[in-house]
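Below is run_14.pdb, holding PDB, C-alpha atoms.
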```pdb
MODEL        1
ATOM      1  CA  MET A  96      11.312  98.911  -5.575
ATOM      2  CA  ARG A  97      11.486  98.514  -1.805
ATOM      3  CA  THR A  98      14.983  97.058  -2.107
ATOM      4  CA  CYS A  99      16.100 100.048  -4.149
ATOM      5  CA  PHE A 100      14.630 102.490  -1.613
ATOM      6  CA  LEU A 101      16.362 100.741   1.282
ATOM      7  CA  ARG A 102      19.669 100.562  -0.571
ATOM      8  CA  ILE A 103      19.589 104.274  -1.355
ATOM      9  CA  THR A 104      18.642 105.262   2.196
ATOM     10  CA  GLY A 105      21.053 102.771   3.751
ATOM     11  CA  GLN A 106      18.439 101.145   5.971
ATOM     12  CA  SER A 107      17.436  97.509   6.427
ATOM     13  CA  THR A 108      13.649  97.879   6.716
ATOM     14  CA  VAL A 109      11.110 100.570   5.867
ATOM     15  CA  ASN A 110       9.903 100.594   9.464
ATOM     16  CA  GLY A 111      13.410 100.608  10.911
ATOM     17  CA  PHE A 112      14.426 104.262  10.514
ATOM     18  CA  ALA A 113      14.761 104.984  14.242
ATOM     19  CA  GLY A 114      18.515 105.514  13.850
ATOM     20  CA  TYR A 115      18.342 107.338  10.511
ATOM     21  CA  SER A 116      19.984 110.758  10.230
ATOM     22  CA  PRO A 117      17.745 113.029   8.134
ATOM     23  CA  ILE A 118      18.792 116.362   6.655
ATOM     24  CA  ASP A 119      18.502 119.385   8.943
ATOM     25  CA  ASP A 120      15.732 121.997   8.919
ATOM     26  CA  GLN A 121      17.915 124.926   7.903
ATOM     27  CA  THR A 122      19.258 123.239   4.777
ATOM     28  CA  VAL A 123      15.750 122.267   3.696
ATOM     29  CA  ASN A 124      14.297 125.714   4.406
ATOM     30  CA  ASN A 125      17.112 127.464   2.550
ATOM     31  CA  PHE A 126      16.567 125.255  -0.475
ATOM     32  CA  GLY A 127      12.801 125.763  -0.373
ATOM     33  CA  GLU A 128      13.252 129.526  -0.261
ATOM     34  CA  GLY A 129      15.789 129.525  -3.081
ATOM     35  CA  ARG A 130      18.683 130.547  -0.844
ATOM     36  CA  GLY A 131      20.523 127.250  -0.644
ATOM     37  CA  GLN A 132      21.762 124.267  -2.589
ATOM     38  CA  GLY A 133      19.478 121.337  -3.281
ATOM     39  CA  PRO A 134      20.107 117.626  -2.733
ATOM     40  CA  ASP A 135      23.679 117.024  -3.864
ATOM     41  CA  GLY A 136      26.823 115.170  -2.881
ATOM     42  CA  VAL A 137      26.510 113.311   0.426
ATOM     43  CA  ASN A 138      23.033 114.802   0.855
ATOM     44  CA  ALA A 139      21.792 113.800  -2.599
ATOM     45  CA  ARG A 140      19.428 111.142  -1.222
ATOM     46  CA  ARG A 141      19.115 112.282   2.397
ATOM     47  CA  LEU A 142      15.461 112.649   3.351
ATOM     48  CA  TYR A 143      13.880 115.325   5.512
ATOM     49  CA  PHE A 144      11.586 114.245   8.370
ATOM     50  CA  GLY A 145      10.892 117.561  10.082
ATOM     51  CA  THR A 146       7.820 119.800  10.056
ATOM     52  CA  GLY A 147       6.170 119.886   6.642
ATOM     53  CA  TRP A 148       8.245 116.961   5.361
ATOM     54  CA  ARG A 149       5.510 115.804   2.982
ATOM     55  CA  ARG A 150       5.321 119.142   1.150
ATOM     56  CA  ALA A 151       9.012 120.020   1.336
ATOM     57  CA  ALA A 152      10.584 120.740  -2.047
ATOM     58  CA  TRP A 153      13.657 118.880  -0.804
ATOM     59  CA  ASN A 154      11.775 115.609  -0.399
ATOM     60  CA  GLN A 155       9.862 116.163  -3.635
ATOM     61  CA  GLN A 156      13.151 116.271  -5.510
ATOM     62  CA  ILE A 157      14.621 113.265  -3.707
ATOM     63  CA  VAL A 158      11.514 111.127  -4.255
ATOM     64  CA  ALA A 159      11.560 112.035  -7.954
ATOM     65  CA  SER A 160      15.233 111.065  -8.118
ATOM     66  CA  ILE A 161      14.658 107.718  -6.391
ATOM     67  CA  ALA A 162      11.696 107.006  -8.670
ATOM     68  CA  GLU A 163      13.829 107.676 -11.751
ATOM     69  CA  THR A 164      16.440 105.260 -10.422
ATOM     70  CA  VAL A 165      13.796 102.579  -9.884
ATOM     71  CA  VAL A 166      12.413 103.011 -13.402
ATOM     72  CA  THR A 167      15.905 102.949 -14.921
ATOM     73  CA  GLU A 168      16.905  99.799 -13.055
ATOM     74  CA  ALA A 169      13.628  98.114 -14.011
ATOM     75  CA  ASP A 170      14.061  98.897 -17.711
ATOM     76  CA  GLY A 171      12.931  95.915 -19.744
ATOM     77  CA  LEU A 172      11.202  94.167 -16.864
ATOM     78  CA  GLN A 173       7.491  93.440 -16.958
ATOM     79  CA  PRO A 174       5.090  94.828 -16.030
ATOM     80  CA  MET A 175       6.381  98.312 -16.752
ATOM     81  CA  LEU A 176       5.345 100.873 -14.153
ATOM     82  CA  SER A 177       4.789 104.537 -14.882
ATOM     83  CA  ILE A 178       6.876 107.111 -13.044
ATOM     84  CA  ASP A 179       3.751 108.327 -11.193
ATOM     85  CA  VAL A 180       3.010 104.844  -9.850
ATOM     86  CA  VAL A 181       6.609 104.488  -8.693
ATOM     87  CA  LYS A 182       6.520 107.909  -7.013
ATOM     88  CA  ALA A 183       3.338 106.969  -5.159
ATOM     89  CA  ALA A 184       5.010 103.817  -3.857
ATOM     90  CA  ILE A 185       8.150 105.714  -2.829
ATOM     91  CA  TRP A 186       6.053 108.265  -0.949
ATOM     92  CA  ASP A 187       4.404 105.397   0.905
ATOM     93  CA  TYR A 188       7.841 104.135   1.942
ATOM     94  CA  VAL A 189       8.869 107.637   3.031
ATOM     95  CA  THR A 190       5.687 107.944   5.100
ATOM     96  CA  GLN A 191       6.415 104.683   6.901
ATOM     97  CA  ALA A 192      10.058 105.634   7.355
ATOM     98  CA  GLN A 193       9.191 109.036   8.829
ATOM     99  CA  ALA A 194       6.696 107.452  11.227
ATOM    100  CA  SER A 195       9.251 104.904  12.438
ATOM    101  CA  TRP A 196      11.874 107.645  12.842
ATOM    102  CA  THR A 197       9.468 109.808  14.859
ATOM    103  CA  ALA A 198       7.920 107.094  17.040
ATOM    104  CA  PRO A 199      10.678 106.672  19.656
ATOM    105  CA  LYS A 200      11.476 110.392  19.881
ATOM    106  CA  PRO A 201      10.412 112.205  23.065
ATOM    107  CA  ARG A 202       7.306 114.276  22.508
ATOM    108  CA  VAL A 203       5.566 116.974  24.429
ATOM    109  CA  HIS A 204       2.494 115.697  26.239
ATOM    110  CA  GLU A 205      -0.841 116.872  24.877
ATOM    111  CA  ASN A 206      -1.175 119.228  27.852
ATOM    112  CA  GLY A 207       1.922 121.038  26.578
ATOM    113  CA  LEU A 208       3.567 121.131  30.006
ATOM    114  CA  ARG A 209       5.856 118.088  30.026
ATOM    115  CA  LEU A 210       7.290 115.242  27.976
ATOM    116  CA  GLU A 211       5.528 111.926  27.629
ATOM    117  CA  ASN A 212       6.430 109.118  29.979
ATOM    118  CA  ASP A 213       7.196 105.609  28.704
ATOM    119  CA  ASP A 214       3.630 104.330  29.067
ATOM    120  CA  GLU A 215       2.163 107.297  27.206
ATOM    121  CA  ALA A 216       4.747 106.947  24.443
ATOM    122  CA  ALA A 217       3.926 103.234  24.116
ATOM    123  CA  ILE A 218       0.209 103.988  23.787
ATOM    124  CA  ARG A 219       0.907 106.593  21.109
ATOM    125  CA  GLN A 220       3.145 104.210  19.171
ATOM    126  CA  GLY A 221       0.446 101.545  19.346
ATOM    127  CA  LYS A 222      -2.082 103.939  17.857
ATOM    128  CA  GLN A 223       0.361 104.892  15.114
ATOM    129  CA  LEU A 224       0.925 101.241  14.274
ATOM    130  CA  SER A 225      -2.822 100.657  14.097
ATOM    131  CA  ARG A 226      -3.268 103.613  11.737
ATOM    132  CA  ARG A 227      -0.398 102.405   9.568
ATOM    133  CA  GLU A 228      -1.852  98.901   9.337
ATOM    134  CA  LYS A 229      -5.220 100.366   8.391
ATOM    135  CA  ALA A 230      -3.621 102.531   5.702
ATOM    136  CA  THR A 231      -1.776  99.499   4.328
ATOM    137  CA  ARG A 232      -5.002  97.498   4.071
ATOM    138  CA  ILE A 233      -6.719 100.355   2.266
ATOM    139  CA  ASN A 234      -3.801 100.793  -0.143
ATOM    140  CA  CYS A 235      -3.814  97.079  -0.962
ATOM    141  CA  LEU A 236      -7.512  97.200  -1.800
ATOM    142  CA  LYS A 237      -6.995 100.300  -3.937
ATOM    143  CA  LYS A 238      -4.186  98.559  -5.821
ATOM    144  CA  GLU A 239      -6.397  95.524  -6.431
ATOM    145  CA  LYS A 240      -9.132  97.793  -7.782
ATOM    146  CA  TYR A 241      -6.772  99.613 -10.112
ATOM    147  CA  GLU A 242      -5.314  96.419 -11.573
ATOM    148  CA  PHE A 243      -8.723  94.714 -11.830
ATOM    149  CA  ARG A 244     -10.071  97.664 -13.801
ATOM    150  CA  ARG A 245      -6.986  98.067 -15.966
ATOM    151  CA  ASN A 246      -7.029  94.407 -17.007
ATOM    152  CA  GLY A 247     -10.810  94.354 -17.315
ATOM    153  CA  ILE A 248     -10.899  97.370 -19.618
ATOM    154  CA  SER A 249      -8.261  95.779 -21.824
ATOM    155  CA  ALA A 250     -10.415  92.654 -22.104
ATOM    156  CA  LEU A 251     -13.559  94.650 -22.876
ATOM    157  CA  LEU A 252     -11.823  96.629 -25.614
ATOM    158  CA  GLY A 253     -10.616  93.390 -27.167
ATOM    159  CA  ASP A 254     -14.097  91.861 -27.180
ATOM    160  CA  PRO A 255     -15.465  91.879 -30.769
ATOM    161  CA  SER A 256     -19.050  91.713 -29.487
ATOM    162  CA  GLN A 257     -18.795  95.223 -28.018
ATOM    163  CA  ASP A 258     -20.273  97.910 -30.283
ATOM    164  CA  GLN A 259     -18.368 101.086 -31.119
ATOM    165  CA  VAL A 260     -20.365 103.312 -28.770
ATOM    166  CA  THR A 261     -19.669 101.002 -25.846
ATOM    167  CA  LYS A 262     -16.014 100.712 -26.791
ATOM    168  CA  ARG A 263     -15.673 104.491 -26.774
ATOM    169  CA  LYS A 264     -17.021 104.457 -23.231
ATOM    170  CA  TRP A 265     -14.426 101.862 -22.202
ATOM    171  CA  GLU A 266     -11.705 103.922 -23.874
ATOM    172  CA  MET A 267     -12.827 106.858 -21.762
ATOM    173  CA  MET A 268     -12.741 104.664 -18.654
ATOM    174  CA  ALA A 269      -9.223 103.566 -19.567
ATOM    175  CA  GLU A 270      -8.178 107.236 -19.634
ATOM    176  CA  ILE A 271      -9.848 107.874 -16.286
ATOM    177  CA  ASN A 272      -8.367 104.803 -14.598
ATOM    178  CA  THR A 273      -4.900 105.591 -15.931
ATOM    179  CA  ALA A 274      -5.157 109.186 -14.720
ATOM    180  CA  LEU A 275      -6.370 108.185 -11.253
ATOM    181  CA  GLN A 276      -3.790 105.419 -10.821
ATOM    182  CA  ILE A 277      -3.843 103.618  -7.455
ATOM    183  CA  GLU A 278      -4.266 106.624  -5.181
ATOM    184  CA  GLY A 279      -7.327 107.881  -7.059
ATOM    185  CA  GLN A 280      -9.374 104.729  -6.464
ATOM    186  CA  SER A 281     -12.075 104.852  -3.811
ATOM    187  CA  SER A 282     -11.161 103.662  -0.311
ATOM    188  CA  GLU A 283     -12.638 100.557   1.238
ATOM    189  CA  GLU A 284     -12.487  99.460   4.837
ATOM    190  CA  SER A 285     -14.509  97.582   7.411
ATOM    191  CA  ASP A 286     -15.444  98.896  10.823
ATOM    192  CA  HIS A 287     -17.257  95.727  11.863
ATOM    193  CA  ASP A 288     -15.806  94.392  15.089
ATOM    194  CA  GLN A 289     -18.045  91.377  15.472
ATOM    195  CA  ASP A 290     -16.890  87.877  14.573
ATOM    196  CA  CYS A 291     -16.463  87.146  10.898
ATOM    197  CA  PRO A 292     -19.500  85.634   9.177
ATOM    198  CA  PRO A 293     -19.122  82.052   7.862
ATOM    199  CA  ASN A 294     -17.739  83.240   4.516
ATOM    200  CA  GLY A 295     -15.107  85.375   6.238
ATOM    201  CA  SER A 296     -16.206  88.595   4.549
ATOM    202  CA  ARG A 297     -17.108  91.653   6.558
ATOM    203  CA  PRO A 298     -19.077  94.386   4.815
ATOM    204  CA  LEU A 299     -16.854  97.072   3.335
ATOM    205  CA  LYS A 300     -17.593 100.773   3.529
ATOM    206  CA  VAL A 301     -16.692 102.571   0.318
ATOM    207  CA  SER A 302     -15.556 106.187   0.560
ATOM    208  CA  ARG A 303     -15.089 108.421  -2.462
ATOM    209  CA  PRO A 304     -11.919 110.536  -2.488
ATOM    210  CA  ARG A 305     -13.100 114.021  -1.537
ATOM    211  CA  TYR A 306     -11.407 115.615  -4.537
ATOM    212  CA  ARG A 307     -12.843 113.212  -7.135
ATOM    213  CA  HIS A 308     -15.932 114.009  -9.188
ATOM    214  CA  PRO A 309     -18.948 111.993  -7.912
ATOM    215  CA  VAL A 310     -19.780 110.817 -11.433
ATOM    216  CA  VAL A 311     -16.512 108.865 -11.529
ATOM    217  CA  SER A 312     -17.862 106.562  -8.809
ATOM    218  CA  GLU A 313     -21.007 105.853 -10.830
ATOM    219  CA  LEU A 314     -18.991 105.075 -13.944
ATOM    220  CA  MET A 315     -16.597 102.845 -12.016
ATOM    221  CA  GLY A 316     -19.576 100.900 -10.670
ATOM    222  CA  HIS A 317     -20.862 100.334 -14.208
ATOM    223  CA  LEU A 318     -17.381  99.315 -15.314
ATOM    224  CA  ASP A 319     -16.939  96.779 -12.514
ATOM    225  CA  LEU A 320     -20.285  95.200 -13.369
ATOM    226  CA  ALA A 321     -19.390  94.981 -17.064
ATOM    227  CA  ILE A 322     -16.012  93.413 -16.276
ATOM    228  CA  GLY A 323     -17.645  90.814 -14.042
ATOM    229  CA  ILE A 324     -20.201  89.875 -16.702
ATOM    230  CA  HIS A 325     -17.524  89.703 -19.396
ATOM    231  CA  ARG A 326     -15.344  87.420 -17.290
ATOM    232  CA  GLU A 327     -18.253  85.112 -16.610
ATOM    233  CA  HIS A 328     -19.199  84.916 -20.299
ATOM    234  CA  THR A 329     -15.587  84.331 -21.317
ATOM    235  CA  ALA A 330     -15.209  81.513 -18.814
ATOM    236  CA  ARG A 331     -18.413  79.835 -19.954
ATOM    237  CA  GLY A 332     -17.447  80.160 -23.601
ATOM    238  CA  SER A 333     -14.147  78.407 -22.962
ATOM    239  CA  GLY A 334     -15.783  75.611 -21.006
ATOM    240  CA  LYS A 335     -14.275  76.730 -17.723
ATOM    241  CA  ARG A 336     -16.151  77.142 -14.510
ATOM    242  CA  LEU A 337     -15.552  80.209 -12.447
ATOM    243  CA  ARG A 338     -14.770  79.396  -8.872
ATOM    244  CA  ALA A 339     -17.731  80.440  -6.792
ATOM    245  CA  LYS A 340     -16.997  83.337  -4.486
ATOM    246  CA  HIS A 341     -19.075  84.722  -1.700
ATOM    247  CA  ALA A 342     -20.387  88.136  -2.590
ATOM    248  CA  ARG A 343     -18.592  90.922  -0.759
ATOM    249  CA  ILE A 344     -21.052  93.446   0.567
ATOM    250  CA  ARG A 345     -19.995  96.984  -0.301
ATOM    251  CA  ILE A 346     -21.794  99.905   1.271
ATOM    252  CA  ARG A 347     -21.319 103.174  -0.590
ATOM    253  CA  THR A 348     -21.284 105.879   2.042
ATOM    254  CA  PRO A 349     -21.771 109.638   1.692
ATOM    255  CA  THR A 350     -18.515 109.992   3.600
ATOM    256  CA  THR A 351     -15.573 111.141   1.522
ATOM    257  CA  SER A 352     -12.022 109.981   2.060
ATOM    258  CA  VAL A 353      -9.615 112.637   3.336
ATOM    259  CA  ARG A 354      -6.450 110.881   2.258
ATOM    260  CA  THR A 355      -3.805 112.602   0.157
ATOM    261  CA  VAL A 356      -5.178 114.616  -2.767
ATOM    262  CA  LYS A 357      -3.906 113.378  -6.114
ATOM    263  CA  SER A 358      -2.476 116.278  -8.061
ATOM    264  CA  GLY A 359      -2.198 116.792 -11.798
ATOM    265  CA  LEU A 360      -5.514 115.241 -12.840
ATOM    266  CA  PRO A 361      -7.519 116.574 -15.791
ATOM    267  CA  ARG A 362      -9.691 119.386 -14.467
ATOM    268  CA  ASN A 363     -13.035 117.690 -15.075
ATOM    269  CA  LEU A 364     -12.095 114.687 -12.912
ATOM    270  CA  TYR A 365     -12.011 116.932  -9.847
ATOM    271  CA  ASP A 366     -15.157 117.657  -7.885
ATOM    272  CA  PRO A 367     -16.028 121.274  -8.840
ATOM    273  CA  VAL A 368     -17.063 121.957  -5.239
ATOM    274  CA  PHE A 369     -13.614 120.832  -4.093
ATOM    275  CA  LEU A 370     -11.890 123.102  -6.619
ATOM    276  CA  GLU A 371     -13.950 126.084  -5.467
ATOM    277  CA  THR A 372     -12.684 125.650  -1.901
ATOM    278  CA  LEU A 373      -9.009 125.836  -2.890
ATOM    279  CA  THR A 374      -6.935 128.888  -2.145
ATOM    280  CA  PRO A 375      -4.451 129.999  -4.840
ATOM    281  CA  ALA A 376      -1.645 128.302  -2.897
ATOM    282  CA  MET A 377      -3.600 125.056  -2.562
ATOM    283  CA  ARG A 378      -4.538 125.128  -6.250
ATOM    284  CA  ALA A 379      -0.857 125.488  -7.114
ATOM    285  CA  GLU A 380      -0.220 122.222  -5.246
ATOM    286  CA  VAL A 381      -3.182 120.369  -6.758
ATOM    287  CA  LYS A 382      -2.214 121.510 -10.289
ATOM    288  CA  PRO A 383      -5.399 120.565 -12.181
ATOM    289  CA  HIS A 384      -4.694 120.104 -15.891
ATOM    290  CA  ASP A 385      -6.589 122.217 -18.389
ATOM    291  CA  SER A 386      -6.916 119.128 -20.583
ATOM    292  CA  GLU A 387     -10.084 117.117 -20.065
ATOM    293  CA  ILE A 388     -11.074 113.485 -20.484
ATOM    294  CA  SER A 389     -13.001 113.172 -23.727
ATOM    295  CA  GLN A 390     -16.699 112.272 -23.339
ATOM    296  CA  PHE A 391     -16.578 112.642 -19.547
ATOM    297  CA  SER A 392     -18.227 116.060 -19.680
ATOM    298  CA  HIS A 393     -21.227 114.425 -21.352
ATOM    299  CA  TYR A 394     -21.772 112.215 -18.305
ATOM    300  CA  THR A 395     -21.302 115.055 -15.819
ATOM    301  CA  ALA A 396     -23.761 117.237 -17.741
ATOM    302  CA  GLU A 397     -26.305 114.413 -17.795
ATOM    303  CA  SER A 398     -25.872 113.910 -14.055
ATOM    304  CA  ASN A 399     -26.440 117.626 -13.445
ATOM    305  CA  ARG A 400     -29.649 117.557 -15.491
ATOM    306  CA  MET A 401     -30.961 114.609 -13.487
ATOM    307  CA  GLN A 402     -30.242 116.419 -10.213
ATOM    308  CA  GLU A 403     -32.119 119.479 -11.415
TER     309      GLU A 403
ENDMDL
END
```
As structure tokens, please, write out the structure in this file.
Amino acid sequence: MRTCFLRITGQSTVNGFAGYSPIDDQTVNNFGEGRGQGPDGVNARRLYFGTGWRRAAWNQQIVASIAETVVTEADGLQPMLSIDVVKAAIWDYVTQAQASWTAPKPRVHENGLRLENDDEAAIRQGKQLSRREKATRINCLKKEKYEFRRNGISALLGDPSQDQVTKRKWEMMAEINTALQIEGQSSEESDHDQDCPPNGSRPLKVSRPRYRHPVVSELMGHLDLAIGIHREHTARGSGKRLRAKHARIRIRTPTTSVRTVKSGLPRNLYDPVFLETLTPAMRAEVKPHDSEISQFSHYTAESNRMQE
């Protein structure tokens, strides 16, 4: 996927876009306002890195085009990735590319009166690198969560000892996990600066995506526990011994993650408080589906009764 992105953009590394020539503002604005031609010809895959690049219709179309190319070229390979997963990965590459393109450019100092000097620019670039590394760590953990749950649900559904009621719950969780994909998983990070404990595991703070319904976190916790128990039982039944692992301390915080909002989810997976705060324009970007995850409303209603 990365190779395809770099081939299409003509660059050697995702973080090496300093010399890249993005499309100009006027072309992008004209296209966004319906007064100009979209990505075509020599500009068919030329990204936009100016103001509002993440929301620009121009980039939306190019990312979709690159994602389709990736899926087409990967046809027949395993595991098969959905177009949404590929788009999320491409957007991550675009984010890194835009940051590397912007980093060396002269910027106005925060006082608004002059340009940065070399030392100030170096400090800013260092902070950007730190933020990017942090985002990469979080994304890796989210990907691990998504795949752990996807594989775990498959194993639970294939377990003949599970009764039908429980299986229906896991089927619901499969729908939820598939809808959320990688970006919809909760964020985990550590802010502990002290030396690592003997087992090398710092406590992780868990932050729920601000747009996601709180009940999803509770259900995911139950799912993770069930997957862990099932794996242990399966290993014992086959005569294998699970390799002992030090428990990773996870602290669920009331803090919500403010990372990118995942659009196009079934309406009942969104936090109703979050939906109420959206303006018509913001709602048009979030695009909540009218379809709902079956059975999920039962859990949200039960949670509401308990809070009352």
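Pairwise distance (atom CA of A:Ile248, atom CA of A:His328) equals 15.0 Å.
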Residues within 12 Å of (16.6, 125.2, 8.4), counting all atoms listed in the file, listed as a ChimeraX atom specification: /A:118-128,130-131,143,145-147,151,153
Output file for the residues above (C-alpha atoms, as a PDB file, in the frame of the given file):
```
ATOM      1  CA  ILE A 118      18.792 116.362   6.655  1.00  0.00           C
ATOM      2  CA  ASP A 119      18.502 119.385   8.943  1.00  0.00           C
ATOM      3  CA  ASP A 120      15.732 121.997   8.919  1.00  0.00           C
ATOM      4  CA  GLN A 121      17.915 124.926   7.903  1.00  0.00           C
ATOM      5  CA  THR A 122      19.258 123.239   4.777  1.00  0.00           C
ATOM      6  CA  VAL A 123      15.750 122.267   3.696  1.00  0.00           C
ATOM      7  CA  ASN A 124      14.297 125.714   4.406  1.00  0.00           C
ATOM      8  CA  ASN A 125      17.112 127.464   2.550  1.00  0.00           C
ATOM      9  CA  PHE A 126      16.567 125.255  -0.475  1.00  0.00           C
ATOM     10  CA  GLY A 127      12.801 125.763  -0.373  1.00  0.00           C
ATOM     11  CA  GLU A 128      13.252 129.526  -0.261  1.00  0.00           C
ATOM     12  CA  ARG A 130      18.683 130.547  -0.844  1.00  0.00           C
ATOM     13  CA  GLY A 131      20.523 127.250  -0.644  1.00  0.00           C
ATOM     14  CA  TYR A 143      13.880 115.325   5.512  1.00  0.00           C
ATOM     15  CA  GLY A 145      10.892 117.561  10.082  1.00  0.00           C
ATOM     16  CA  THR A 146       7.820 119.800  10.056  1.00  0.00           C
ATOM     17  CA  GLY A 147       6.170 119.886   6.642  1.00  0.00           C
ATOM     18  CA  ALA A 151       9.012 120.020   1.336  1.00  0.00           C
ATOM     19  CA  TRP A 153      13.657 118.880  -0.804  1.00  0.00           C
TER      20      TRP A 153
END
```
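The nearest approach to A:Ala183 among the residues A:Ala269, A:Ile324, A:Val356, A:Val109, with all atoms listed in the file taken into account, belongs to A:Val356.
You will find atom CA of A:Asn363 at 13.7 Å from atom CA of A:Ser312.
If you measure from each of A:Ala250, A:Leu236, A:Val158, A:Leu224 to A:Ile277 using only C-alpha atoms, the closest one turns out to be A:Leu236.
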Two-atom distance - atom CA of A:Arg378, atom CA of A:His308 (Å): 16.2 Å
Evaluate the PyMOL selection byres ((chain A and resi 281) around 10) and report residues as JSON, numbers by chain: {"A": [233, 234, 236, 237, 240, 241, 275, 277, 278, 279, 280, 282, 283, 301, 302, 303, 304, 305, 307, 311, 312, 315, 347, 351, 352]}
Chain and number of each residue from the PyMOL selection byres ((chain A and resi 188) around 12), as an MDAnalysis selection string: chainID A and resid 96:101 104 106 108:112 142 149 158 161:162 181:187 189:195 227 231
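Distances to A:Gly114 were evaluated for A:Ala169, A:Lys200, A:Met268, A:Gly129 using only C-alpha atoms, and the minimum falls at A:Lys200.
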Picked residues, the PyMOL selection byres ((chain A and resi 213) around 12), expected as a VMD selection string: chain A and resid 198 to 202 204 210 to 212 214 to 220
Pick from A:Gly221, A:Pro309, A:Gly105, A:Gly334 nearest to A:Arg141, counting all atoms listed in the file: A:Gly105
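Of the listed residues (A:Leu320, A:Ala330, A:Ala379, A:Ile388), A:Ile388 comes nearest to A:Met267; the distances count only C-alpha atoms.
Each of A:Ser225, A:Asn206, A:Ser358, A:Ser160 was compared to A:Gln276 using only C-alpha atoms, and A:Ser358 turns out to be the nearest.
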What box, with edges along x, y and z, holds each listed atom of stretch 386-398 of chain A when 8 Å is added on every side, and can you state its centre and edge lengths in Å to one decimal, as JSON?
```
{"center_x": -16.6, "center_y": 115.7, "center_z": -18.9, "size_x": 35.4, "size_y": 22.9, "size_z": 25.7}
```
For stretch 114-144 of chain A of the structure just presented, write C-alpha atoms to a file, as an mmCIF file, in the first residue's frame.
```cif
data_model
loop_
_atom_site.group_PDB
_atom_site.id
_atom_site.type_symbol
_atom_site.label_atom_id
_atom_site.label_comp_id
_atom_site.auth_asym_id
_atom_site.auth_seq_id
_atom_site.Cartn_x
_atom_site.Cartn_y
_atom_site.Cartn_z
ATOM 1 C CA GLY A 114 10.363 18.929 -2.669
ATOM 2 C CA TYR A 115 6.874 17.833 -3.732
ATOM 3 C CA SER A 116 4.846 20.160 -5.957
ATOM 4 C CA PRO A 117 1.208 20.103 -4.804
ATOM 5 C CA ILE A 118 -1.727 21.475 -6.776
ATOM 6 C CA ASP A 119 -2.414 25.196 -6.403
ATOM 7 C CA ASP A 120 -5.104 26.806 -4.242
ATOM 8 C CA GLN A 121 -7.102 28.307 -7.093
ATOM 9 C CA THR A 122 -7.552 25.010 -8.923
ATOM 10 C CA VAL A 123 -8.688 23.299 -5.730
ATOM 11 C CA ASN A 124 -11.062 26.113 -4.760
ATOM 12 C CA ASN A 125 -12.595 26.240 -8.233
ATOM 13 C CA PHE A 126 -13.212 22.506 -8.159
ATOM 14 C CA GLY A 127 -14.680 22.653 -4.655
ATOM 15 C CA GLU A 128 -17.063 25.409 -5.705
ATOM 16 C CA GLY A 129 -18.102 23.602 -8.874
ATOM 17 C CA ARG A 130 -16.441 26.120 -11.181
ATOM 18 C CA GLY A 131 -13.455 24.085 -12.295
ATOM 19 C CA GLN A 132 -12.275 20.705 -13.479
ATOM 20 C CA GLY A 133 -11.420 17.986 -10.997
ATOM 21 C CA PRO A 134 -8.304 15.815 -10.799
ATOM 22 C CA ASP A 135 -7.501 14.860 -14.383
ATOM 23 C CA GLY A 136 -4.593 14.489 -16.768
ATOM 24 C CA VAL A 137 -1.254 15.502 -15.248
ATOM 25 C CA ASN A 138 -3.097 16.591 -12.099
ATOM 26 C CA ALA A 139 -5.046 13.349 -11.692
ATOM 27 C CA ARG A 140 -3.056 12.280 -8.618
ATOM 28 C CA ARG A 141 -1.584 15.619 -7.534
ATOM 29 C CA LEU A 142 -2.363 16.278 -3.880
ATOM 30 C CA TYR A 143 -3.301 19.569 -2.259
ATOM 31 C CA PHE A 144 -1.414 20.662 0.878
#
```
